[in-house]
Amino acid sequence: MRVPVFYAVVLAFFCHSDSLEIQPSLYGSTRSQEAILNPSDCSARTKQQQVLTNPNNFSVDVRMPGVSPTGSDTYLCMAYPVPTSRDAYIVDFIPHASMDTVHHMLLFGCKTPVSTRSFWDCGSVQGTCEDEASIMYAWARNAPPTKLPKDVGFKVGGNSGMSYFVLQIHYGDVSAFRDHHRDCSGVTLRMTSKPQPFIAGIYLLMSVDTVILPGKRVTNADIACDYTSYPIYPFAFRTHTHHLGKVVSGYRIRDGKWSLIGRQSPQLPQAFYPANKEVDVKYGDTVAARCVFTGEGRTSKTYIGGTSDDEMCNFYIMYYMDSKHAIPFLNCMVTGPKELFEHIPAEANVPITGTTGHMNSMMHMGHSTDNQDNRLLLDANKAEKILDPGDLYSLVSELLGQSKDVVHVHRYNPSKLQRAQADLVAQIDSLMQKTDLGSPSTTLAFQTREDPVLVRDRVHRFHQLEATTKLPRSKLLAEGQDFHLEQDSAWPQGSLQLGQVSGLAVDSDSNLVIFHRGDHHWGADSFNSQARYQQRSLGPIQQSAILVVEPANGNILKASGRNMFYLPHGITTDKENNYWVTDVALHQVLKVSGDGRDRILLTLGEAFTPGSDSNHFCKPTDVAVDTETGNIFVSDGYCNSRILKFSADGKYLSEWGAGSSDRRRRIPFQIPHSLVFLPDRKEVCVADRENGRIQCFIAETAEFVKEIKKDEFGGEVFAITYSTAGGGLIFAVNGESPFRSAPLKGFVINYSTKDILDTFSPNKKDFKMPHDIVETRDGSVFVGDAGSKAVFKFTTQKLHRSVKKAGIKVEELEEMEAYVRTNVRPDGNMSKTAAVKEMQSVSQQTQSEAKAKEEKKSAAKPNTADGVLPAIITTLLLIPLLVVISIGLFICWRKNNRCEVKTEPSSRVGILGKIRGKAVGSLNLGNFFASHKGYSRQGFDQLSTEGSDQERNDDDSSDSENEEYSALPPPQSSS
């Protein structure tokens, strides 16, 4: 027992020692760290870069492998692979650098670095990454460590698209390398494999065209962009200019109100400072920044650039957002309109001094500092002389596409007042360590009271729970319940400002995705006789063609797809929430990233070139995605009558045409317009528009399965979608046909039996051209209408309204439902079908009774002008009845020499008793004739004049009434 205890104590000692060794790197001064490093053992310290602390948490050292730059303004890069193939999260950055040696350093994340050598010159032609680089960290001027809030991390590895870290270091003045030592500056990344609820990212606002006139006292550089994605929550900000910058401010604009994100003097150390905790950014907001410069002391114009004589205007926002919608990097380089910046707060033009009060205000700390720290601060003029901001020109050139041909000549000359600088850095470091950047949980608690969109996941969980307590729609119908899709006239709560709505989809979060044409229209002049698009001169659609919308209220969550499409048509999402879209003008199928960055991940077809081979389409209409294999199916389309199958990476696999159970009567597709994949059946169904039918095929073999064609379609089926609920439901919308006339409406169809279970249409205005249809997780159905440029929402409602059956208007009353619950109690041996029959029988009897009551009410209020004709008709009807009674009385008298007429309810053996039957007030001729030889009740029904269901004889009712009004649902088949 003592041996295990001894080993445990030794292990604990080493763990404690290791934690003590890491701790100074987390919180200690960077200058003091680098001062104690021995340059001779730099290579030895960079060999073991990954430090494991426990199975979930680990740290990674990304450092230069002992470099010795030979010239000033050298940019060196090194790549380090993310040490795991699974998702990992950076939760802290700990810099290891000194301003004596390093001018600034940047950490990028990318999939493929330019080189995998130990290091390379990235300030020349090569650059940093082959693909898109996302900045994750920036350091300059002995800035203190950047700490992320709890539950927030930068996502790398796995499916994040970031397989490598690329560290870029700018060595400004190489006089520090006169002793020929090797540098191993870099950054330690504290990481975890534990999934983080919130993912961090950086939003860079940057001016690219500002010109500062010589001698001009104030020049403003204004940047502004509309935000079109999921909500982000800024928690830190960073500013950057060169010598002429006086103050940089960032704002969120919502409903005309400017809210400060952060404001700082760019002449202070360039750290990430805490942002205003009360500011979030969501769709429809505008993000804006202003840099204030002075041209005093200059004799020539100053432009944006990378040399020490140039200027820069950067405002960085470090934010977090829901992990489901994470976007790692955003940028804005649009010059803000003058009209907008006329309303910017006056503070944006007030330079920040270096006093304690201004420092605290600038950093939104809410903390006071002690007197000793206050004495360490310098005044603004002195700080302006000794501070030289870091240069992030490499990032700018990356964004501008200039990184491969720009020569960096921005120089850095250390000041002799480094001691004062170090004191100032220590002051800021102290403030940073005392400051909480803001927990996502507290921030979200504040925001959820303002914006219900932020509790979307809770709403979805509620819908899931609610679904478990409700029977599926098809099951409700099968059990005799009467449910119907009704329009939600209050949706959307705001204006969506749509063009022609061509496609709808649902993403993995059950949000609605709308694909529309903005200000473009498909008209008679859009194509020539060879199907070539004739309006290319209009350019692509400038509006956001793809909108992600909250299904509950219609609020826009995200917008994308600007300047990408010409005539959108169909849209589908895959399990990664990428968009598969078709553009009939481009004759292409595109796979577009759903992260808001509008990256085209895959292209099928040749732009603006119609064709009919495996590499070309002609006005393709829609895409369906196999949720298991990733294979895609394309309906092609307006010119070609076929469905094509491709692998997930775009490899052509097969194609086929229309199917038929009778090959001799095989009718080709006429505009296969809409596709849907049936995940539970592994089938693909197509809306064959002009043939007015739905055809289904086995996805793997293209074998024809079935066809659904109904007269109610009116000859055209525009779009379909599918739900696995209740054994399979197909939702469809029809369209106007030049040959047949049928109302435009939606249909709910039982896949197995092909029966129409329900139809629906808008209440306030009619469909004009219903073009696509989808169902969300909660059972809501959305229809996109290209004609009315709108989206309609329909929800399941139980019928409590007037309906017409066989031409008779029947009011469905609550009393009837109560009667059914009270009196229709099938015994234990009664089958479900029998119970449904009995419920339907009671329903029909109640309908007859309601009709009789209506007639009685109307009779109680006669119109004197119209009373003559009914009186004559009644008299004529009563004459034959009196004749029959007289004949009956005469027969009885002749046969028995007397006739007993008993009117007591207990005795029904006389003529009137036989006529009345068992129900008081009921006239039943069937009973009378059935009592005489040669007559049968078959073919006779109750002719009710008054009475109630409770008084009626159930044995005397026939099934004809039930069969006329509502037939039983047919049994489910396994086909």
# chains A, B, ... in the order shown; residues from 1 in each chain; ligands from 1

call {"tool": "residues_around", "arguments": {"residues": "stretch 594-599 of chain A", "least_positions_apart": "3", "cutoff": "12 Å", "atoms": "only C-alpha atoms", "output": "NGL selection string"}}
result
:A and (131-132 or 134 or 160-161 or 227-230 or 283 or 323-331 or 507-508 or 513 or 544-548 or 557-565 or 571-581 or 590-591 or 602-603)

call {"tool": "residues_around", "arguments": {"residues": "A:Thr74", "least_positions_apart": "6", "cutoff": "9 Å", "atoms": "only C-alpha atoms", "output": "short mmCIF file (atom, residue, chain, number, x, y, z; two decimals) with all heavy atoms, in the first residue's frame"}}
result
data_model
loop_
_atom_site.label_atom_id
_atom_site.label_comp_id
_atom_site.auth_asym_id
_atom_site.auth_seq_id
_atom_site.Cartn_x
_atom_site.Cartn_y
_atom_site.Cartn_z
N ASP A 121 10.76 33.48 -45.61
CA ASP A 121 10.58 34.92 -45.75
C ASP A 121 9.17 35.18 -46.30
O ASP A 121 8.90 34.90 -47.46
CB ASP A 121 11.64 35.49 -46.70
CG ASP A 121 11.56 37.01 -46.82
OD1 ASP A 121 10.61 37.60 -46.26
OD2 ASP A 121 12.42 37.61 -47.48
N CYS A 122 8.29 35.67 -45.48
CA CYS A 122 6.89 35.89 -45.88
C CYS A 122 6.60 37.34 -46.16
O CYS A 122 5.43 37.72 -46.32
CB CYS A 122 5.93 35.33 -44.83
SG CYS A 122 6.19 36.03 -43.17
N GLY A 123 7.62 38.17 -46.21
CA GLY A 123 7.41 39.56 -46.55
C GLY A 123 7.66 39.84 -48.01
O GLY A 123 7.50 40.96 -48.48
N ILE A 169 6.32 37.18 -37.84
CA ILE A 169 7.00 38.15 -36.99
C ILE A 169 7.70 39.17 -37.87
O ILE A 169 8.40 38.82 -38.82
CB ILE A 169 8.01 37.46 -36.05
CG1 ILE A 169 7.26 36.59 -35.04
CG2 ILE A 169 8.85 38.49 -35.32
CD1 ILE A 169 8.14 35.94 -34.00
N HIS A 170 7.48 40.42 -37.52
CA HIS A 170 8.16 41.52 -38.19
C HIS A 170 9.33 41.97 -37.32
O HIS A 170 9.12 42.45 -36.21
CB HIS A 170 7.18 42.67 -38.41
CG HIS A 170 7.82 43.90 -38.99
ND1 HIS A 170 7.28 45.15 -38.83
CD2 HIS A 170 8.95 44.07 -39.72
CE1 HIS A 170 8.04 46.04 -39.43
NE2 HIS A 170 9.06 45.40 -39.98
N TYR A 171 10.52 41.78 -37.83
CA TYR A 171 11.73 42.25 -37.15
C TYR A 171 12.05 43.63 -37.73
O TYR A 171 12.47 43.75 -38.88
CB TYR A 171 12.88 41.28 -37.35
CG TYR A 171 12.63 39.93 -36.73
CD1 TYR A 171 12.16 38.87 -37.49
CD2 TYR A 171 12.86 39.72 -35.38
CE1 TYR A 171 11.92 37.63 -36.92
CE2 TYR A 171 12.62 38.48 -34.79
CZ TYR A 171 12.15 37.45 -35.57
OH TYR A 171 11.91 36.22 -35.00
N GLY A 172 11.85 44.69 -36.95
CA GLY A 172 12.00 46.04 -37.45
C GLY A 172 13.45 46.46 -37.58
O GLY A 172 13.99 46.56 -38.68
N ASP A 173 14.11 46.70 -36.47
CA ASP A 173 15.50 47.11 -36.46
C ASP A 173 16.34 45.93 -35.98
O ASP A 173 16.14 45.42 -34.88
CB ASP A 173 15.68 48.29 -35.51
CG ASP A 173 17.05 48.93 -35.63
OD1 ASP A 173 17.97 48.23 -36.09
OD2 ASP A 173 17.18 50.10 -35.26
N VAL A 174 17.28 45.48 -36.82
CA VAL A 174 18.05 44.26 -36.50
C VAL A 174 19.32 44.58 -35.73
O VAL A 174 20.20 43.72 -35.60
CB VAL A 174 18.41 43.51 -37.80
CG1 VAL A 174 17.15 42.98 -38.47
CG2 VAL A 174 19.22 44.38 -38.74
N HIS A 408 8.19 45.58 -47.75
CA HIS A 408 7.93 46.26 -46.49
C HIS A 408 9.16 47.05 -46.06
O HIS A 408 10.22 46.48 -45.87
CB HIS A 408 7.56 45.23 -45.41
CG HIS A 408 6.34 44.44 -45.76
ND1 HIS A 408 5.08 44.88 -45.47
CD2 HIS A 408 6.19 43.26 -46.40
CE1 HIS A 408 4.19 44.00 -45.90
NE2 HIS A 408 4.85 43.01 -46.47
N VAL A 409 8.98 48.33 -45.91
CA VAL A 409 10.10 49.18 -45.52
C VAL A 409 9.79 49.97 -44.26
O VAL A 409 10.47 50.93 -43.96
CB VAL A 409 10.45 50.16 -46.67
CG1 VAL A 409 11.00 49.41 -47.86
CG2 VAL A 409 9.24 50.98 -47.07
#

call {"tool": "residues_around", "arguments": {"residues": "stretch 486-497 of chain A", "least_positions_apart": "3", "cutoff": "6 Å", "atoms": "only C-alpha atoms", "output": "list in words"}}
result
Asn553, Gly554, Pro762, Lys793, Phe794 and Thr795 of chain A

call {"tool": "residues_around", "arguments": {"residues": "A:Glu712", "least_positions_apart": "3", "cutoff": "9 Å", "atoms": "only C-alpha atoms", "output": "JSON, numbers by chain"}}
result
{"A": [709, 715, 734, 742, 743]}

call {"tool": "closest_residue", "arguments": {"among": "A:Glu703, A:Glu311, A:Asp61, A:Asp322", "to": "A:Gly186", "atoms": "only C-alpha atoms"}}
result
A:Asp61

call {"tool": "residues_around", "arguments": {"residues": "stretch 296-301 of chain A", "least_positions_apart": "4", "cutoff": "10 Å", "atoms": "only C-alpha atoms", "output": "list in words"}}
result
Val211, Ile212, Leu213, Pro214, Gly215, Lys216, Arg217, Val218, Leu244, Asp309 and Asp310 of chain A
